[in-house]
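As stored in protein-v1.pdb (PDB, N, CA and C atoms):
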```pdb
ATOM      1  N   MET A 286     -25.788  -2.540  -0.432
ATOM      2  CA  MET A 286     -24.773  -2.957  -1.390
ATOM      3  C   MET A 286     -23.677  -3.734  -0.673
ATOM      4  N   ASN A 287     -23.236  -4.831  -1.269
ATOM      5  CA  ASN A 287     -22.187  -5.626  -0.654
ATOM      6  C   ASN A 287     -20.850  -4.901  -0.701
ATOM      7  N   LYS A 288     -20.152  -4.949   0.417
ATOM      8  CA  LYS A 288     -18.817  -4.354   0.448
ATOM      9  C   LYS A 288     -17.817  -5.357  -0.116
ATOM     10  N   PRO A 289     -16.784  -4.859  -0.792
ATOM     11  CA  PRO A 289     -15.757  -5.785  -1.292
ATOM     12  C   PRO A 289     -14.946  -6.365  -0.139
ATOM     13  N   LYS A 290     -14.426  -7.562  -0.356
ATOM     14  CA  LYS A 290     -13.607  -8.218   0.661
ATOM     15  C   LYS A 290     -12.252  -7.514   0.751
ATOM     16  N   PHE A 291     -11.742  -7.419   1.970
ATOM     17  CA  PHE A 291     -10.437  -6.770   2.160
ATOM     18  C   PHE A 291      -9.344  -7.835   2.145
ATOM     19  N   ASN A 292      -8.680  -7.951   1.018
ATOM     20  CA  ASN A 292      -7.609  -8.947   0.877
ATOM     21  C   ASN A 292      -6.410  -8.307   0.178
ATOM     22  N   PRO A 293      -5.734  -7.376   0.852
ATOM     23  CA  PRO A 293      -4.659  -6.621   0.187
ATOM     24  C   PRO A 293      -3.494  -7.508  -0.230
ATOM     25  N   ILE A 294      -3.023  -7.292  -1.465
ATOM     26  CA  ILE A 294      -1.906  -8.089  -1.988
ATOM     27  C   ILE A 294      -0.893  -7.172  -2.668
ATOM     28  N   VAL A 295       0.363  -7.330  -2.289
ATOM     29  CA  VAL A 295       1.466  -6.647  -2.965
ATOM     30  C   VAL A 295       2.229  -7.709  -3.751
ATOM     31  N   THR A 296       2.353  -7.503  -5.053
ATOM     32  CA  THR A 296       3.036  -8.483  -5.901
ATOM     33  C   THR A 296       4.312  -7.878  -6.464
ATOM     34  N   ARG A 297       5.394  -8.602  -6.317
ATOM     35  CA  ARG A 297       6.676  -8.152  -6.867
ATOM     36  C   ARG A 297       6.818  -8.682  -8.288
ATOM     37  N   VAL A 298       7.092  -7.796  -9.221
ATOM     38  CA  VAL A 298       7.287  -8.200 -10.615
ATOM     39  C   VAL A 298       8.752  -7.976 -10.944
ATOM     40  N   LYS A 299       9.484  -9.065 -11.041
ATOM     41  CA  LYS A 299      10.925  -8.938 -11.260
ATOM     42  C   LYS A 299      11.214  -8.692 -12.732
ATOM     43  N   LEU A 300      12.070  -7.719 -12.986
ATOM     44  CA  LEU A 300      12.491  -7.428 -14.354
ATOM     45  C   LEU A 300      13.923  -7.895 -14.515
ATOM     46  N   ALA A 301      14.508  -4.182 -18.147
ATOM     47  CA  ALA A 301      14.602  -2.864 -17.523
ATOM     48  C   ALA A 301      15.122  -1.843 -18.522
ATOM     49  N   VAL A 302      16.102  -2.233 -19.316
ATOM     50  CA  VAL A 302      16.645  -1.311 -20.318
ATOM     51  C   VAL A 302      15.616  -1.063 -21.411
ATOM     52  N   ILE A 303       5.007   0.457 -19.251
ATOM     53  CA  ILE A 303       4.441  -0.690 -18.546
ATOM     54  C   ILE A 303       2.974  -0.810 -18.922
TER      55      ILE A 303
ATOM     56  N   MET B 251       3.196  -1.731  15.808
ATOM     57  CA  MET B 251       2.940  -0.459  15.144
ATOM     58  C   MET B 251       1.836   0.286  15.892
ATOM     59  N   GLN B 252       2.079   1.543  16.225
ATOM     60  CA  GLN B 252       1.124   2.332  16.979
ATOM     61  C   GLN B 252       0.008   2.835  16.068
ATOM     62  N   ASP B 253      -1.228   2.795  16.585
ATOM     63  CA  ASP B 253      -2.350   3.270  15.775
ATOM     64  C   ASP B 253      -2.286   4.772  15.521
ATOM     65  N   LYS B 254      -1.544   5.499  16.372
ATOM     66  CA  LYS B 254      -1.431   6.948  16.174
ATOM     67  C   LYS B 254      -0.351   7.302  15.156
ATOM     68  N   GLU B 255       0.430   6.297  14.771
ATOM     69  CA  GLU B 255       1.531   6.545  13.839
ATOM     70  C   GLU B 255       1.017   7.139  12.530
ATOM     71  N   ILE B 256       1.694   8.192  12.062
ATOM     72  CA  ILE B 256       1.361   8.800  10.773
ATOM     73  C   ILE B 256       2.234   8.154   9.712
ATOM     74  N   LEU B 257       1.601   7.549   8.723
ATOM     75  CA  LEU B 257       2.357   6.870   7.672
ATOM     76  C   LEU B 257       2.646   7.836   6.534
ATOM     77  N   LYS B 258       3.853   7.746   5.997
ATOM     78  CA  LYS B 258       4.238   8.610   4.883
ATOM     79  C   LYS B 258       4.802   7.777   3.748
ATOM     80  N   LYS B 259       4.461   8.191   2.523
ATOM     81  CA  LYS B 259       5.001   7.500   1.354
ATOM     82  C   LYS B 259       6.441   7.933   1.115
ATOM     83  N   ASN B 260       7.229   7.006   0.620
ATOM     84  CA  ASN B 260       8.588   7.321   0.210
ATOM     85  C   ASN B 260       8.520   8.141  -1.079
ATOM     86  N   LYS B 261       9.209   9.270  -1.100
ATOM     87  CA  LYS B 261       9.156  10.141  -2.283
ATOM     88  C   LYS B 261       9.844   9.523  -3.495
ATOM     89  N   ASN B 262      10.625   8.481  -3.268
ATOM     90  CA  ASN B 262      11.320   7.833  -4.385
ATOM     91  C   ASN B 262      10.520   6.684  -4.990
ATOM     92  N   ILE B 263       9.235   6.644  -4.647
ATOM     93  CA  ILE B 263       8.331   5.649  -5.250
ATOM     94  C   ILE B 263       7.202   6.423  -5.913
ATOM     95  N   VAL B 264       6.913   6.112  -7.163
ATOM     96  CA  VAL B 264       5.758   6.724  -7.813
ATOM     97  C   VAL B 264       4.731   5.639  -8.091
ATOM     98  N   SER B 265       3.479   6.033  -8.164
ATOM     99  CA  SER B 265       2.428   5.044  -8.409
ATOM    100  C   SER B 265       1.538   5.508  -9.546
ATOM    101  N   ARG B 266       1.017   4.549 -10.273
ATOM    102  CA  ARG B 266       0.058   4.830 -11.336
ATOM    103  C   ARG B 266      -1.005   3.741 -11.333
ATOM    104  N   ALA B 267      -2.259   4.145 -11.503
ATOM    105  CA  ALA B 267      -3.343   3.171 -11.614
ATOM    106  C   ALA B 267      -3.438   2.720 -13.059
ATOM    107  N   ILE B 268      -3.379   1.420 -13.265
ATOM    108  CA  ILE B 268      -3.509   0.861 -14.610
ATOM    109  C   ILE B 268      -4.540  -0.254 -14.528
ATOM    110  N   GLY B 269      -5.701  -0.016 -15.116
ATOM    111  CA  GLY B 269      -6.768  -1.005 -15.026
ATOM    112  C   GLY B 269      -7.169  -1.204 -13.575
ATOM    113  N   ALA B 270      -7.243  -2.451 -13.144
ATOM    114  CA  ALA B 270      -7.681  -2.756 -11.780
ATOM    115  C   ALA B 270      -6.526  -2.746 -10.794
ATOM    116  N   GLU B 271      -5.318  -2.495 -11.282
ATOM    117  CA  GLU B 271      -4.159  -2.557 -10.398
ATOM    118  C   GLU B 271      -3.477  -1.208 -10.284
ATOM    119  N   THR B 272      -2.718  -1.056  -9.216
ATOM    120  CA  THR B 272      -1.860   0.111  -9.050
ATOM    121  C   THR B 272      -0.420  -0.373  -9.107
ATOM    122  N   VAL B 273       0.381   0.298  -9.922
ATOM    123  CA  VAL B 273       1.786  -0.076 -10.076
ATOM    124  C   VAL B 273       2.639   0.866  -9.246
ATOM    125  N   LEU B 274       3.523   0.297  -8.433
ATOM    126  CA  LEU B 274       4.499   1.091  -7.687
ATOM    127  C   LEU B 274       5.832   0.960  -8.401
ATOM    128  N   LEU B 275       6.415   2.108  -8.675
ATOM    129  CA  LEU B 275       7.623   2.134  -9.486
ATOM    130  C   LEU B 275       8.732   2.858  -8.736
ATOM    131  N   PRO B 276       9.769   2.139  -8.311
ATOM    132  CA  PRO B 276      10.886   2.820  -7.652
ATOM    133  C   PRO B 276      11.619   3.698  -8.658
ATOM    134  N   ILE B 277      11.960   4.922  -8.261
ATOM    135  CA  ILE B 277      12.752   5.790  -9.137
ATOM    136  C   ILE B 277      14.216   5.432  -8.924
ATOM    137  N   CYS B 278      14.879   5.057 -10.005
ATOM    138  CA  CYS B 278      16.253   4.568  -9.908
ATOM    139  C   CYS B 278      17.209   5.568 -10.534
ATOM    140  N   LYS B 279      18.452   5.502 -10.105
ATOM    141  CA  LYS B 279      19.462   6.388 -10.685
ATOM    142  C   LYS B 279      19.792   5.958 -12.104
ATOM    143  N   ASP B 280      19.752   4.675 -12.357
ATOM    144  CA  ASP B 280      19.923   4.197 -13.721
ATOM    145  C   ASP B 280      19.251   2.840 -13.855
ATOM    146  N   THR B 281      19.225   2.340 -15.063
ATOM    147  CA  THR B 281      18.469   1.114 -15.316
ATOM    148  C   THR B 281      19.087  -0.101 -14.642
ATOM    149  N   LYS B 282      20.370  -0.018 -14.271
ATOM    150  CA  LYS B 282      20.997  -1.155 -13.589
ATOM    151  C   LYS B 282      20.326  -1.411 -12.247
ATOM    152  N   GLU B 283      19.826  -0.334 -11.627
ATOM    153  CA  GLU B 283      19.200  -0.474 -10.314
ATOM    154  C   GLU B 283      17.749  -0.920 -10.414
ATOM    155  N   MET B 284      17.184  -0.796 -11.596
ATOM    156  CA  MET B 284      15.757  -1.064 -11.734
ATOM    157  C   MET B 284      15.542  -2.541 -12.024
ATOM    158  N   ASN B 285      15.374  -3.326 -10.981
ATOM    159  CA  ASN B 285      15.226  -4.762 -11.219
ATOM    160  C   ASN B 285      13.837  -5.281 -10.919
ATOM    161  N   CYS B 286      12.953  -4.420 -10.393
ATOM    162  CA  CYS B 286      11.594  -4.902 -10.182
ATOM    163  C   CYS B 286      10.629  -3.738  -9.977
ATOM    164  N   ILE B 287       9.361  -4.030 -10.199
ATOM    165  CA  ILE B 287       8.285  -3.099  -9.887
ATOM    166  C   ILE B 287       7.297  -3.865  -9.014
ATOM    167  N   TYR B 288       6.294  -3.191  -8.499
ATOM    168  CA  TYR B 288       5.334  -3.837  -7.607
ATOM    169  C   TYR B 288       3.923  -3.482  -8.041
ATOM    170  N   THR B 289       3.013  -4.427  -7.887
ATOM    171  CA  THR B 289       1.616  -4.128  -8.182
ATOM    172  C   THR B 289       0.786  -4.321  -6.917
ATOM    173  N   LEU B 290      -0.233  -3.489  -6.772
ATOM    174  CA  LEU B 290      -1.157  -3.572  -5.642
ATOM    175  C   LEU B 290      -2.540  -3.901  -6.184
ATOM    176  N   ASN B 291      -3.235  -4.841  -5.541
ATOM    177  CA  ASN B 291      -4.625  -5.060  -5.936
ATOM    178  C   ASN B 291      -5.487  -3.935  -5.347
ATOM    179  N   LYS B 292      -6.775  -3.959  -5.621
ATOM    180  CA  LYS B 292      -7.624  -2.817  -5.236
ATOM    181  C   LYS B 292      -7.610  -2.514  -3.732
ATOM    182  N   PRO B 293      -7.766  -3.523  -2.853
ATOM    183  CA  PRO B 293      -7.730  -3.201  -1.420
ATOM    184  C   PRO B 293      -6.395  -2.598  -0.981
ATOM    185  N   ALA B 294      -5.290  -3.147  -1.489
ATOM    186  CA  ALA B 294      -3.974  -2.602  -1.125
ATOM    187  C   ALA B 294      -3.813  -1.192  -1.688
ATOM    188  N   ALA B 295      -4.339  -0.985  -2.898
ATOM    189  CA  ALA B 295      -4.246   0.335  -3.523
ATOM    190  C   ALA B 295      -5.054   1.369  -2.738
ATOM    191  N   ARG B 296      -6.172   0.930  -2.166
ATOM    192  CA  ARG B 296      -6.989   1.863  -1.369
ATOM    193  C   ARG B 296      -6.231   2.305  -0.118
ATOM    194  N   VAL B 297      -5.536   1.367   0.513
ATOM    195  CA  VAL B 297      -4.716   1.731   1.677
ATOM    196  C   VAL B 297      -3.610   2.688   1.238
ATOM    197  N   TRP B 298      -2.989   2.379   0.096
ATOM    198  CA  TRP B 298      -1.923   3.241  -0.445
ATOM    199  C   TRP B 298      -2.444   4.661  -0.656
ATOM    200  N   GLU B 299      -3.669   4.741  -1.166
ATOM    201  CA  GLU B 299      -4.285   6.048  -1.421
ATOM    202  C   GLU B 299      -4.525   6.805  -0.106
ATOM    203  N   LEU B 300      -4.887   6.055   0.936
ATOM    204  CA  LEU B 300      -5.197   6.691   2.220
ATOM    205  C   LEU B 300      -3.939   7.131   2.975
ATOM    206  N   ILE B 301      -2.793   6.586   2.587
ATOM    207  CA  ILE B 301      -1.535   7.004   3.215
ATOM    208  C   ILE B 301      -1.148   8.350   2.605
ATOM    209  N   ASP B 302      -1.497   9.410   3.300
ATOM    210  CA  ASP B 302      -1.295  10.751   2.731
ATOM    211  C   ASP B 302      -0.377  11.618   3.583
ATOM    212  N   GLY B 303       0.243  11.009   4.595
ATOM    213  CA  GLY B 303       1.128  11.788   5.453
ATOM    214  C   GLY B 303       0.393  12.601   6.495
ATOM    215  N   LYS B 304      -0.932  12.497   6.495
ATOM    216  CA  LYS B 304      -1.739  13.246   7.469
ATOM    217  C   LYS B 304      -2.554  12.298   8.349
ATOM    218  N   ARG B 305      -3.099  11.255   7.716
ATOM    219  CA  ARG B 305      -3.932  10.310   8.466
ATOM    220  C   ARG B 305      -3.072   9.401   9.335
ATOM    221  N   GLY B 306      -3.558   9.149  10.537
ATOM    222  CA  GLY B 306      -2.924   8.147  11.382
ATOM    223  C   GLY B 306      -3.419   6.763  10.997
ATOM    224  N   LEU B 307      -2.728   5.751  11.495
ATOM    225  CA  LEU B 307      -3.102   4.373  11.178
ATOM    226  C   LEU B 307      -4.531   4.071  11.635
ATOM    227  N   SER B 308      -4.918   4.615  12.793
ATOM    228  CA  SER B 308      -6.270   4.342  13.305
ATOM    229  C   SER B 308      -7.335   4.908  12.370
ATOM    230  N   ARG B 309      -7.062   6.072  11.803
ATOM    231  CA  ARG B 309      -8.016   6.692  10.871
ATOM    232  C   ARG B 309      -8.120   5.862   9.582
ATOM    233  N   ILE B 310      -6.979   5.380   9.116
ATOM    234  CA  ILE B 310      -6.975   4.553   7.901
ATOM    235  C   ILE B 310      -7.773   3.272   8.144
ATOM    236  N   LYS B 311      -7.561   2.666   9.314
ATOM    237  CA  LYS B 311      -8.300   1.433   9.642
ATOM    238  C   LYS B 311      -9.800   1.703   9.701
ATOM    239  N   LYS B 312     -10.167   2.840  10.261
ATOM    240  CA  LYS B 312     -11.591   3.188  10.370
ATOM    241  C   LYS B 312     -12.208   3.318   8.972
ATOM    242  N   ASP B 313     -11.484   3.973   8.077
ATOM    243  CA  ASP B 313     -11.975   4.130   6.701
ATOM    244  C   ASP B 313     -12.123   2.774   6.013
ATOM    245  N   ILE B 314     -11.134   1.908   6.217
ATOM    246  CA  ILE B 314     -11.174   0.581   5.584
ATOM    247  C   ILE B 314     -12.344  -0.238   6.136
ATOM    248  N   LEU B 315     -12.572  -0.146   7.444
ATOM    249  CA  LEU B 315     -13.700  -0.871   8.055
ATOM    250  C   LEU B 315     -15.028  -0.432   7.445
ATOM    251  N   ASN B 316     -15.136   0.852   7.132
ATOM    252  CA  ASN B 316     -16.371   1.376   6.538
ATOM    253  C   ASN B 316     -16.552   0.931   5.090
ATOM    254  N   GLU B 317     -15.436   0.765   4.392
ATOM    255  CA  GLU B 317     -15.513   0.535   2.946
ATOM    256  C   GLU B 317     -15.449  -0.934   2.543
ATOM    257  N   PHE B 318     -14.881  -1.770   3.425
ATOM    258  CA  PHE B 318     -14.651  -3.169   3.045
ATOM    259  C   PHE B 318     -15.333  -4.132   4.009
ATOM    260  N   ASP B 319     -15.518  -5.346   3.529
ATOM    261  CA  ASP B 319     -16.100  -6.415   4.329
ATOM    262  C   ASP B 319     -14.979  -7.091   5.121
ATOM    263  N   VAL B 320     -14.754  -6.609   6.340
ATOM    264  CA  VAL B 320     -13.694  -7.153   7.184
ATOM    265  C   VAL B 320     -14.005  -6.764   8.625
ATOM    266  N   ASN B 321     -13.684  -7.661   9.567
ATOM    267  CA  ASN B 321     -13.904  -7.290  10.970
ATOM    268  C   ASN B 321     -12.615  -6.710  11.556
ATOM    269  N   ALA B 322     -12.734  -6.088  12.710
ATOM    270  CA  ALA B 322     -11.607  -5.334  13.281
ATOM    271  C   ALA B 322     -10.401  -6.225  13.558
ATOM    272  N   GLY B 323     -10.650  -7.424  14.068
ATOM    273  CA  GLY B 323      -9.539  -8.319  14.388
ATOM    274  C   GLY B 323      -8.773  -8.747  13.152
ATOM    275  N   GLU B 324      -9.534  -9.118  12.133
ATOM    276  CA  GLU B 324      -8.914  -9.540  10.872
ATOM    277  C   GLU B 324      -8.183  -8.365  10.223
ATOM    278  N   LEU B 325      -8.806  -7.189  10.319
ATOM    279  CA  LEU B 325      -8.198  -5.991   9.721
ATOM    280  C   LEU B 325      -6.832  -5.698  10.340
ATOM    281  N   ASP B 326      -6.739  -5.822  11.659
ATOM    282  CA  ASP B 326      -5.454  -5.564  12.326
ATOM    283  C   ASP B 326      -4.353  -6.448  11.746
ATOM    284  N   LYS B 327      -4.672  -7.735  11.578
ATOM    285  CA  LYS B 327      -3.666  -8.680  11.054
ATOM    286  C   LYS B 327      -3.304  -8.353   9.609
ATOM    287  N   LEU B 328      -4.332  -8.104   8.795
ATOM    288  CA  LEU B 328      -4.083  -7.841   7.372
ATOM    289  C   LEU B 328      -3.327  -6.530   7.170
ATOM    290  N   MET B 329      -3.677  -5.523   7.974
ATOM    291  CA  MET B 329      -2.984  -4.236   7.854
ATOM    292  C   MET B 329      -1.531  -4.364   8.292
ATOM    293  N   ALA B 330      -1.298  -5.119   9.363
ATOM    294  CA  ALA B 330       0.082  -5.305   9.833
ATOM    295  C   ALA B 330       0.917  -5.974   8.745
ATOM    296  N   ALA B 331       0.338  -6.989   8.093
ATOM    297  CA  ALA B 331       1.066  -7.702   7.035
ATOM    298  C   ALA B 331       1.302  -6.789   5.831
ATOM    299  N   LEU B 332       0.268  -6.023   5.463
ATOM    300  CA  LEU B 332       0.395  -5.125   4.306
ATOM    301  C   LEU B 332       1.448  -4.047   4.570
ATOM    302  N   LEU B 333       1.397  -3.445   5.742
ATOM    303  CA  LEU B 333       2.352  -2.370   6.044
ATOM    304  C   LEU B 333       3.774  -2.907   6.155
ATOM    305  N   LYS B 334       3.908  -4.153   6.611
ATOM    306  CA  LYS B 334       5.245  -4.773   6.632
ATOM    307  C   LYS B 334       5.757  -4.913   5.196
ATOM    308  N   ASP B 335       4.881  -5.376   4.304
ATOM    309  CA  ASP B 335       5.274  -5.507   2.890
ATOM    310  C   ASP B 335       5.685  -4.152   2.313
ATOM    311  N   LEU B 336       4.879  -3.121   2.591
ATOM    312  CA  LEU B 336       5.169  -1.794   2.032
ATOM    313  C   LEU B 336       6.457  -1.215   2.612
ATOM    314  N   LYS B 337       6.728  -1.525   3.875
ATOM    315  CA  LYS B 337       7.981  -1.047   4.478
ATOM    316  C   LYS B 337       9.172  -1.842   3.946
ATOM    317  N   ASP B 338       8.962  -3.140   3.737
ATOM    318  CA  ASP B 338      10.048  -3.982   3.207
ATOM    319  C   ASP B 338      10.516  -3.495   1.836
ATOM    320  N   ILE B 339       9.574  -3.021   1.026
ATOM    321  CA  ILE B 339       9.964  -2.550  -0.315
ATOM    322  C   ILE B 339      10.256  -1.046  -0.301
ATOM    323  N   LYS B 340      10.289  -0.481   0.919
ATOM    324  CA  LYS B 340      10.626   0.941   1.109
ATOM    325  C   LYS B 340       9.637   1.875   0.414
ATOM    326  N   ALA B 341       8.371   1.453   0.357
ATOM    327  CA  ALA B 341       7.336   2.303  -0.230
ATOM    328  C   ALA B 341       6.803   3.292   0.800
ATOM    329  N   VAL B 342       6.830   2.904   2.073
ATOM    330  CA  VAL B 342       6.414   3.827   3.135
ATOM    331  C   VAL B 342       7.524   3.927   4.170
ATOM    332  N   ASN B 343       7.556   5.077   4.841
ATOM    333  CA  ASN B 343       8.563   5.295   5.885
ATOM    334  C   ASN B 343       7.947   5.046   7.253
TER     335      ASN B 343
END
```

Take the structure from the file and write it as structure tokens.
Amino acid sequence: MNKPKFNPIVTRVKLAVI
Amino acid sequence: MQDKEILKKNKNIVSRAIGAETVLLPICKDTKEMNCIYTLNKPAARVWELIDGKRGLSRIKKDILNEFDVNAGELDKLMAALLKDLKDIKAVN
């Protein structure tokens, strides 16, 4: 089975008063 | 960053899996402080899951090498960048 690619991404979602 | 370093999550960040993404939510004293949230894609979320306050960085890297298509050299760079991001947003100590 193919392993998934390791491409970690953290995305900032700017906002408040999901 | 030392491979023996034990990574710990910040207790003031909570996470929830929603669909294919994991949302990191800072706990704020009031809504004035809450100006952003963060999302992690699956590979980043897997690292987040492995950060349990017990595993060292070397153990986490070993697990990632087994589970993902990445070589050791590339993994070192990607992990360093990811952990910098997580530390910048105060998600890990």

So which residues touch Lys290 of chain A within 7 Å, counting all atoms listed in the file, skipping near sequence neighbours fewer than 3 positions away, as a list in words?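 Returned residues: Asn287 and Pro293 of chain A; Pro293, Phe318, Asp319 and Val320 of chain B.
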
Go ahead and compute the interatomic distance for atom CA of Glu317 of chain B and atom C of Pro276 of chain B, in Å to one decimal.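 Pair atom CA of Glu317 of chain B / atom C of Pro276 of chain B returns 29.7 Å.
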
For atom CA of Gly303 of chain B and atom CA of Ala322 of chain B, quote the distance in Å rounded to one decimal.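 Atom-to-atom, atom CA of Gly303 of chain B and atom CA of Ala322 of chain B are spaced 22.7 Å apart.
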
Pick the closest to chain A from B:Asn260, B:Asn321, B:Thr272, B:Asn291: which is it, counting all atoms listed in the file? B:Asn291

Evaluate the ChimeraX specification (/A :<7) & /B here and jot the selected residues down as JSON, numbers by chain. {"B": [281, 282, 284, 285, 286, 287, 288, 289, 290, 291, 292, 293, 294, 295, 317, 318, 319, 320, 328, 332]}

Atom-to-atom span, atom N of Met329 of chain B and atom CA of Arg305 of chain B, Å: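 Spanning atom N of Met329 of chain B to atom CA of Arg305 of chain B is a straight-line distance of 15.8 Å.
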
Apply the PyMOL selection byres (((chain B and resi 302 and name CA) around 9) and name CA) to the structure shown and report the selected residues as number ranges by chain. B: 256-259, 298-301, 303-305

Could you go through chain B and tell me which residues DSSP, when run on the backbone, assigns to strand (DSSP E or B), listing them as an MDAnalysis selection string? chainID B and resid 256 259 263:268 271:276 286:290 306 319 342

Once DSSP has gone over the backbone, tell me which residues of chain B are in helix (DSSP H, G or I), as a ChimeraX atom specification. /B:292-300,307-317,322-338

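Here the question is which of B:Ile263, B:Leu307, B:Leu325, B:Leu315 gets nearest to Ala341 of chain B using all atoms listed in the file, and that residue is B:Ile263.
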